[in-house]
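Shown next: upload.pdb, containing PDB, C-alpha atoms and all ligand atoms.
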ATOM      1  CA  MET A   6     -24.298  39.856 -59.327  1.00  0.00           C
ATOM      2  CA  VAL A   7     -25.085  41.444 -55.993  1.00  0.00           C
ATOM      3  CA  GLN A   8     -26.247  45.044 -55.782  1.00  0.00           C
ATOM      4  CA  LEU A   9     -24.369  46.992 -53.116  1.00  0.00           C
ATOM      5  CA  SER A  10     -26.208  50.094 -51.982  1.00  0.00           C
ATOM      6  CA  THR A  11     -24.120  52.118 -49.521  1.00  0.00           C
ATOM      7  CA  GLY A  12     -27.249  53.295 -47.696  1.00  0.00           C
ATOM      8  CA  ASP A  13     -28.510  49.724 -47.196  1.00  0.00           C
ATOM      9  CA  MET A  14     -25.055  48.474 -46.185  1.00  0.00           C
ATOM     10  CA  LEU A  15     -24.674  51.274 -43.658  1.00  0.00           C
ATOM     11  CA  ARG A  16     -28.018  50.473 -42.056  1.00  0.00           C
ATOM     12  CA  ALA A  17     -27.156  46.750 -42.020  1.00  0.00           C
ATOM     13  CA  ALA A  18     -23.720  47.356 -40.429  1.00  0.00           C
ATOM     14  CA  VAL A  19     -25.277  49.526 -37.724  1.00  0.00           C
ATOM     15  CA  LYS A  20     -27.872  46.840 -37.035  1.00  0.00           C
ATOM     16  CA  ALA A  21     -25.278  44.043 -36.974  1.00  0.00           C
ATOM     17  CA  GLN A  22     -23.120  46.163 -34.615  1.00  0.00           C
ATOM     18  CA  THR A  23     -19.896  45.480 -36.515  1.00  0.00           C
ATOM     19  CA  PRO A  24     -16.920  47.654 -35.422  1.00  0.00           C
ATOM     20  CA  VAL A  25     -17.446  49.905 -38.445  1.00  0.00           C
ATOM     21  CA  GLY A  26     -21.201  49.876 -37.857  1.00  0.00           C
ATOM     22  CA  LEU A  27     -20.760  51.057 -34.276  1.00  0.00           C
ATOM     23  CA  LYS A  28     -18.507  53.862 -35.465  1.00  0.00           C
ATOM     24  CA  ALA A  29     -21.087  54.873 -38.070  1.00  0.00           C
ATOM     25  CA  LYS A  30     -23.853  54.792 -35.481  1.00  0.00           C
ATOM     26  CA  ALA A  31     -21.974  57.171 -33.164  1.00  0.00           C
ATOM     27  CA  VAL A  32     -21.325  59.594 -36.030  1.00  0.00           C
ATOM     28  CA  MET A  33     -24.942  59.538 -37.217  1.00  0.00           C
ATOM     29  CA  GLU A  34     -26.288  59.985 -33.702  1.00  0.00           C
ATOM     30  CA  ALA A  35     -24.123  63.084 -33.380  1.00  0.00           C
ATOM     31  CA  GLY A  36     -25.917  64.373 -36.487  1.00  0.00           C
ATOM     32  CA  GLU A  37     -22.788  64.244 -38.619  1.00  0.00           C
ATOM     33  CA  LEU A  38     -22.262  62.799 -42.081  1.00  0.00           C
ATOM     34  CA  VAL A  39     -20.617  59.400 -42.248  1.00  0.00           C
ATOM     35  CA  SER A  40     -17.048  59.822 -43.478  1.00  0.00           C
ATOM     36  CA  ASP A  41     -15.612  58.258 -46.626  1.00  0.00           C
ATOM     37  CA  GLU A  42     -13.382  56.191 -44.359  1.00  0.00           C
ATOM     38  CA  ILE A  43     -16.365  54.562 -42.662  1.00  0.00           C
ATOM     39  CA  VAL A  44     -18.120  53.957 -45.983  1.00  0.00           C
ATOM     40  CA  SER A  45     -14.918  52.400 -47.375  1.00  0.00           C
ATOM     41  CA  GLY A  46     -14.710  50.116 -44.335  1.00  0.00           C
ATOM     42  CA  ILE A  47     -18.266  48.951 -44.832  1.00  0.00           C
ATOM     43  CA  ILE A  48     -17.750  48.253 -48.525  1.00  0.00           C
ATOM     44  CA  GLY A  49     -14.526  46.351 -47.820  1.00  0.00           C
ATOM     45  CA  ASP A  50     -16.215  44.209 -45.163  1.00  0.00           C
ATOM     46  CA  ARG A  51     -19.097  43.408 -47.500  1.00  0.00           C
ATOM     47  CA  LEU A  52     -16.768  42.452 -50.374  1.00  0.00           C
ATOM     48  CA  ASP A  53     -14.841  40.118 -48.051  1.00  0.00           C
ATOM     49  CA  GLU A  54     -18.102  38.572 -46.915  1.00  0.00           C
ATOM     50  CA  LEU A  55     -19.242  37.932 -50.496  1.00  0.00           C
ATOM     51  CA  GLY A  56     -15.923  36.535 -51.677  1.00  0.00           C
ATOM     52  CA  SER A  57     -14.059  37.274 -54.875  1.00  0.00           C
ATOM     53  CA  GLU A  58     -16.200  35.021 -57.093  1.00  0.00           C
ATOM     54  CA  THR A  59     -19.300  37.162 -56.639  1.00  0.00           C
ATOM     55  CA  GLY A  60     -19.763  40.065 -59.031  1.00  0.00           C
ATOM     56  CA  VAL A  61     -21.079  43.297 -57.560  1.00  0.00           C
ATOM     57  CA  ILE A  62     -22.929  46.389 -58.742  1.00  0.00           C
ATOM     58  CA  PHE A  63     -22.203  49.581 -56.823  1.00  0.00           C
ATOM     59  CA  ASP A  64     -25.339  51.633 -56.371  1.00  0.00           C
ATOM     60  CA  GLY A  65     -24.999  55.229 -55.206  1.00  0.00           C
ATOM     61  CA  TYR A  66     -21.221  54.907 -54.974  1.00  0.00           C
ATOM     62  CA  PRO A  67     -18.762  56.404 -55.705  1.00  0.00           C
ATOM     63  CA  ARG A  68     -20.350  59.854 -55.608  1.00  0.00           C
ATOM     64  CA  THR A  69     -17.225  61.965 -55.296  1.00  0.00           C
ATOM     65  CA  GLN A  70     -13.669  61.960 -56.590  1.00  0.00           C
ATOM     66  CA  ALA A  71     -12.400  61.045 -53.091  1.00  0.00           C
ATOM     67  CA  GLN A  72     -14.721  58.030 -53.046  1.00  0.00           C
ATOM     68  CA  ALA A  73     -13.608  57.004 -56.549  1.00  0.00           C
ATOM     69  CA  ILE A  74     -10.007  56.968 -55.316  1.00  0.00           C
ATOM     70  CA  SER A  75     -11.026  55.001 -52.198  1.00  0.00           C
ATOM     71  CA  LEU A  76     -12.905  52.474 -54.310  1.00  0.00           C
ATOM     72  CA  ASP A  77      -9.826  51.824 -56.440  1.00  0.00           C
ATOM     73  CA  ALA A  78      -7.828  51.156 -53.261  1.00  0.00           C
ATOM     74  CA  ILE A  79     -10.525  48.883 -51.799  1.00  0.00           C
ATOM     75  CA  LEU A  80     -10.683  46.825 -54.984  1.00  0.00           C
ATOM     76  CA  GLU A  81      -6.942  46.741 -55.565  1.00  0.00           C
ATOM     77  CA  ALA A  82      -6.343  45.440 -52.027  1.00  0.00           C
ATOM     78  CA  ARG A  83      -8.551  42.486 -52.966  1.00  0.00           C
ATOM     79  CA  GLY A  84      -7.125  41.911 -56.419  1.00  0.00           C
ATOM     80  CA  ARG A  85     -10.308  43.176 -58.041  1.00  0.00           C
ATOM     81  CA  LYS A  86     -11.154  46.000 -60.423  1.00  0.00           C
ATOM     82  CA  LEU A  87     -14.060  47.839 -62.002  1.00  0.00           C
ATOM     83  CA  ASP A  88     -15.011  46.281 -65.334  1.00  0.00           C
ATOM     84  CA  HIS A  89     -17.766  48.662 -66.380  1.00  0.00           C
ATOM     85  CA  VAL A  90     -19.202  52.042 -65.527  1.00  0.00           C
ATOM     86  CA  ILE A  91     -22.661  52.576 -66.974  1.00  0.00           C
ATOM     87  CA  GLU A  92     -24.070  56.049 -67.361  1.00  0.00           C
ATOM     88  CA  LEU A  93     -27.845  56.124 -67.706  1.00  0.00           C
ATOM     89  CA  GLU A  94     -28.684  59.239 -69.676  1.00  0.00           C
ATOM     90  CA  VAL A  95     -31.995  60.808 -68.719  1.00  0.00           C
ATOM     91  CA  ASP A  96     -33.875  64.041 -69.121  1.00  0.00           C
ATOM     92  CA  GLU A  97     -33.987  65.741 -65.717  1.00  0.00           C
ATOM     93  CA  ASP A  98     -37.688  66.659 -65.818  1.00  0.00           C
ATOM     94  CA  ALA A  99     -38.547  63.081 -66.766  1.00  0.00           C
ATOM     95  CA  LEU A 100     -36.423  61.851 -63.886  1.00  0.00           C
ATOM     96  CA  VAL A 101     -38.294  64.058 -61.434  1.00  0.00           C
ATOM     97  CA  ASP A 102     -41.560  62.700 -62.829  1.00  0.00           C
ATOM     98  CA  ARG A 103     -40.378  59.108 -62.388  1.00  0.00           C
ATOM     99  CA  ILE A 104     -38.902  59.483 -58.928  1.00  0.00           C
ATOM    100  CA  THR A 105     -41.735  61.484 -57.376  1.00  0.00           C
ATOM    101  CA  GLY A 106     -44.287  58.887 -58.571  1.00  0.00           C
ATOM    102  CA  ARG A 107     -42.542  55.740 -57.420  1.00  0.00           C
ATOM    103  CA  PHE A 108     -43.575  53.506 -54.549  1.00  0.00           C
ATOM    104  CA  THR A 109     -42.837  49.943 -53.510  1.00  0.00           C
ATOM    105  CA  CYS A 110     -44.554  47.018 -51.841  1.00  0.00           C
ATOM    106  CA  ALA A 111     -43.733  47.178 -48.129  1.00  0.00           C
ATOM    107  CA  LYS A 112     -43.495  43.394 -47.986  1.00  0.00           C
ATOM    108  CA  CYS A 113     -41.632  42.217 -51.116  1.00  0.00           C
ATOM    109  CA  ASN A 114     -40.228  45.516 -52.491  1.00  0.00           C
ATOM    110  CA  GLU A 115     -41.858  45.152 -55.929  1.00  0.00           C
ATOM    111  CA  GLY A 116     -41.689  48.588 -57.595  1.00  0.00           C
ATOM    112  CA  TYR A 117     -44.712  50.603 -58.750  1.00  0.00           C
ATOM    113  CA  HIS A 118     -45.491  54.057 -60.121  1.00  0.00           C
ATOM    114  CA  ASP A 119     -48.468  56.408 -59.806  1.00  0.00           C
ATOM    115  CA  ARG A 120     -48.604  57.044 -63.538  1.00  0.00           C
ATOM    116  CA  TYR A 121     -46.682  54.212 -65.216  1.00  0.00           C
ATOM    117  CA  LYS A 122     -47.136  51.021 -63.226  1.00  0.00           C
ATOM    118  CA  GLN A 123     -50.138  50.717 -60.963  1.00  0.00           C
ATOM    119  CA  PRO A 124     -50.847  47.270 -59.429  1.00  0.00           C
ATOM    120  CA  ALA A 125     -53.235  45.260 -61.658  1.00  0.00           C
ATOM    121  CA  GLU A 126     -55.691  45.101 -58.782  1.00  0.00           C
ATOM    122  CA  GLU A 127     -55.931  48.456 -57.027  1.00  0.00           C
ATOM    123  CA  GLY A 128     -54.278  48.476 -53.616  1.00  0.00           C
ATOM    124  CA  ALA A 129     -52.807  44.960 -53.793  1.00  0.00           C
ATOM    125  CA  CYS A 130     -49.263  43.985 -54.790  1.00  0.00           C
ATOM    126  CA  ASP A 131     -49.077  41.986 -58.058  1.00  0.00           C
ATOM    127  CA  ALA A 132     -46.236  39.870 -56.732  1.00  0.00           C
ATOM    128  CA  CYS A 133     -47.305  39.003 -53.180  1.00  0.00           C
ATOM    129  CA  GLY A 134     -50.807  40.410 -52.612  1.00  0.00           C
ATOM    130  CA  SER A 135     -49.760  42.667 -49.739  1.00  0.00           C
ATOM    131  CA  THR A 136     -51.846  45.817 -49.315  1.00  0.00           C
ATOM    132  CA  GLU A 137     -49.074  47.820 -47.641  1.00  0.00           C
ATOM    133  CA  PHE A 138     -46.958  50.115 -49.786  1.00  0.00           C
ATOM    134  CA  LYS A 139     -44.231  52.585 -48.967  1.00  0.00           C
ATOM    135  CA  ARG A 140     -42.603  55.698 -50.397  1.00  0.00           C
ATOM    136  CA  ARG A 141     -39.174  57.120 -49.643  1.00  0.00           C
ATOM    137  CA  PRO A 142     -39.565  60.431 -47.788  1.00  0.00           C
ATOM    138  CA  ASP A 143     -36.801  61.980 -49.930  1.00  0.00           C
ATOM    139  CA  ASP A 144     -38.620  61.238 -53.212  1.00  0.00           C
ATOM    140  CA  ASN A 145     -40.000  64.764 -53.540  1.00  0.00           C
ATOM    141  CA  GLU A 146     -39.204  67.273 -56.278  1.00  0.00           C
ATOM    142  CA  GLU A 147     -37.061  69.625 -54.207  1.00  0.00           C
ATOM    143  CA  THR A 148     -34.849  66.822 -52.905  1.00  0.00           C
ATOM    144  CA  VAL A 149     -34.546  65.246 -56.355  1.00  0.00           C
ATOM    145  CA  ARG A 150     -33.484  68.599 -57.888  1.00  0.00           C
ATOM    146  CA  THR A 151     -30.896  69.035 -55.119  1.00  0.00           C
ATOM    147  CA  ARG A 152     -29.599  65.497 -55.746  1.00  0.00           C
ATOM    148  CA  MET A 153     -29.315  66.264 -59.470  1.00  0.00           C
ATOM    149  CA  SER A 154     -27.318  69.426 -58.890  1.00  0.00           C
ATOM    150  CA  GLU A 155     -25.041  67.545 -56.482  1.00  0.00           C
ATOM    151  CA  TYR A 156     -24.631  64.875 -59.141  1.00  0.00           C
ATOM    152  CA  ARG A 157     -23.590  67.493 -61.703  1.00  0.00           C
ATOM    153  CA  ALA A 158     -21.214  69.211 -59.293  1.00  0.00           C
ATOM    154  CA  LYS A 159     -19.565  66.242 -57.575  1.00  0.00           C
ATOM    155  CA  THR A 160     -20.297  62.969 -59.346  1.00  0.00           C
ATOM    156  CA  ALA A 161     -20.309  63.755 -63.082  1.00  0.00           C
ATOM    157  CA  PRO A 162     -16.718  65.095 -62.844  1.00  0.00           C
ATOM    158  CA  ILE A 163     -15.423  61.604 -61.920  1.00  0.00           C
ATOM    159  CA  LEU A 164     -16.595  60.100 -65.224  1.00  0.00           C
ATOM    160  CA  PRO A 165     -13.432  61.247 -67.067  1.00  0.00           C
ATOM    161  CA  ILE A 166     -11.349  59.095 -64.665  1.00  0.00           C
ATOM    162  CA  TYR A 167     -13.196  56.034 -65.935  1.00  0.00           C
ATOM    163  CA  GLU A 168     -13.371  57.290 -69.514  1.00  0.00           C
ATOM    164  CA  ALA A 169      -9.583  57.376 -69.555  1.00  0.00           C
ATOM    165  CA  ARG A 170      -9.667  53.650 -68.733  1.00  0.00           C
ATOM    166  CA  GLY A 171     -12.133  52.971 -71.549  1.00  0.00           C
ATOM    167  CA  ILE A 172     -14.752  51.395 -69.269  1.00  0.00           C
ATOM    168  CA  VAL A 173     -17.625  53.886 -69.565  1.00  0.00           C
ATOM    169  CA  SER A 174     -20.734  52.892 -71.542  1.00  0.00           C
ATOM    170  CA  ARG A 175     -23.785  55.064 -72.048  1.00  0.00           C
ATOM    171  CA  VAL A 176     -27.339  53.806 -72.071  1.00  0.00           C
ATOM    172  CA  ASP A 177     -30.398  55.781 -73.096  1.00  0.00           C
ATOM    173  CA  GLY A 178     -32.292  55.794 -69.813  1.00  0.00           C
ATOM    174  CA  MET A 179     -35.345  57.338 -71.510  1.00  0.00           C
ATOM    175  CA  ALA A 180     -36.090  54.090 -73.367  1.00  0.00           C
ATOM    176  CA  ASP A 181     -38.555  51.599 -71.914  1.00  0.00           C
ATOM    177  CA  ILE A 182     -37.515  49.162 -69.194  1.00  0.00           C
ATOM    178  CA  ALA A 183     -37.045  46.200 -71.559  1.00  0.00           C
ATOM    179  CA  LYS A 184     -34.744  48.200 -73.866  1.00  0.00           C
ATOM    180  CA  VAL A 185     -32.674  49.598 -70.999  1.00  0.00           C
ATOM    181  CA  THR A 186     -32.343  46.105 -69.516  1.00  0.00           C
ATOM    182  CA  ALA A 187     -31.240  44.637 -72.846  1.00  0.00           C
ATOM    183  CA  ALA A 188     -28.692  47.433 -73.369  1.00  0.00           C
ATOM    184  CA  ILE A 189     -27.181  46.898 -69.900  1.00  0.00           C
ATOM    185  CA  LYS A 190     -27.068  43.118 -70.377  1.00  0.00           C
ATOM    186  CA  ALA A 191     -25.277  43.595 -73.702  1.00  0.00           C
ATOM    187  CA  ILE A 192     -22.625  45.750 -71.993  1.00  0.00           C
ATOM    188  CA  LEU A 193     -22.092  43.237 -69.190  1.00  0.00           C
ATOM    189  CA  GLY A 194     -21.874  40.491 -71.820  1.00  0.00           C
TER     190      GLY A 194
HETATM  191 ZN    ZN A 201     -45.394  42.601 -52.715  1.00  0.00          ZN
END
Using the file provided, produce a representation of the structure as structure tokens.
Amino acid sequence: MVQLSTGDMLRAAVKAQTPVGLKAKAVMEAGELVSDEIVSGIIGDRLDELGSETGVIFDGYPRTQAQAISLDAILEARGRKLDHVIELEVDEDALVDRITGRFTCAKCNEGYHDRYKQPAEEGACDACGSTEFKRRPDDNEETVRTRMSEYRAKTAPILPIYEARGIVSRVDGMADIAKVTAAIKAILG
């Protein structure tokens, strides 16, 4: 399956100068938020590019009820549908602790953590040996708390839409990585 992150797709579309990408670029340069319509266009383009045989995981989308409705339309137009919605249940303080400590290899994107997963050899990536690492500027406590309250206000309310379809599964996101992975694999069958 291919992971589709709306942020990554948006940046890629802008870089590739697709019609939708150019529209997004103009909006962002004006300091405005990219509309649902533009995001929908980008997702549709990417799905067409991948073809209907490729499974996808939506990451960071849909975040609002309007986006959930758009996603249904995007998928329906292509004869596709959502098979599973997975809710990872986590304690908010633990989430802040995890997010504020994370960093990745600047070269291969291997993930690390200040407290839970330091490279075996200090300052060098386990996977590729690179000594350059990066952190997301929005991985600070204040931003994470704001994201959580936005999640509660705008995103959590769309779960009942999917619950009514019987496609929501819950996974204990506080378990260790191997357990969470196994639980998700079991759901995806
Ligand atoms: Zn690396």
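From atom CA of Arg120 of chain A back to atom CA of Arg103 of chain A, the distance works out to 8.6 Å.
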**Asked** Of the candidates A:Leu164, A:Cys110, A:Ala99, A:Val7, which one gets nearest to Lys139 of chain A if we count only C-alpha atoms?
**Response**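 Looking at the shortest contact to Lys139 of chain A, the residue is A:Cys110.
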**Request:** Name each residue within 6 Å of ligand ZN 201 (chain A), counting all atoms listed in the file, as a VMD selection string.
**Result:** chain A and resid 110 112 to 115 130 132 to 135
**Asked** For the file shown, what are the residues hit by the PyMOL selection byres (((chain A and resi 10) around 9) and not hetatm), laid out as a ChimeraX atom specification?
**Response** /A:8-9,11-15,62-66
**Prompt:** Got a sec: who's within 7 Å of segment 144-149 of chain A, counting all atoms listed in the file, leaving out chain neighbours fewer than 6 positions off, as a list in words?
**Reply:**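 Listing them by chain and then by number gives Val101, Ile104 and Thr105 of chain A.
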**Item:** Distance criterion (all atoms listed in the file): nearest to Ala111 of chain A out of A:Ser57, A:Thr136, A:Gln70, A:Gln123
**Value:**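 Counting all atoms listed in the file, the residue closest to Ala111 of chain A is A:Thr136.
Take the candidates A:Ile74, A:Ala191, A:Ala183, A:Ile79 and check each one against Tyr167 of chain A using only C-alpha atoms; the shortest distance goes to A:Ile74.
Distances here use all atoms listed in the file; by that measure, the residue among A:Thr23, A:Thr186, A:Thr59, A:Ser75 closest to Ser40 of chain A is A:Ser75.
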**Request:** List the neighbours of Lys159 of chain A out to 8 Å using all atoms listed in the file; skip same-chain residues closer than 4 positions along the sequence, and give me the result as a ChimeraX atom specification.
**Result:** /A:68-70,155,163
**Message:** Can you spell out as an NGL selection string the set of residues that the PyMOL selection byres (((chain A and resi 176) around 9) and not hetatm) selects in the structure I just provided?
**Reply:** :A and (91-94 or 174-175 or 177-180 or 185 or 188-189)
**Message:** Please compute the atom CA of Ala35 of chain A-atom CA of Asp50 of chain A distance, one decimal, in Å.
**Reply:**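 Here the two named atoms are 23.6 Å from each other.
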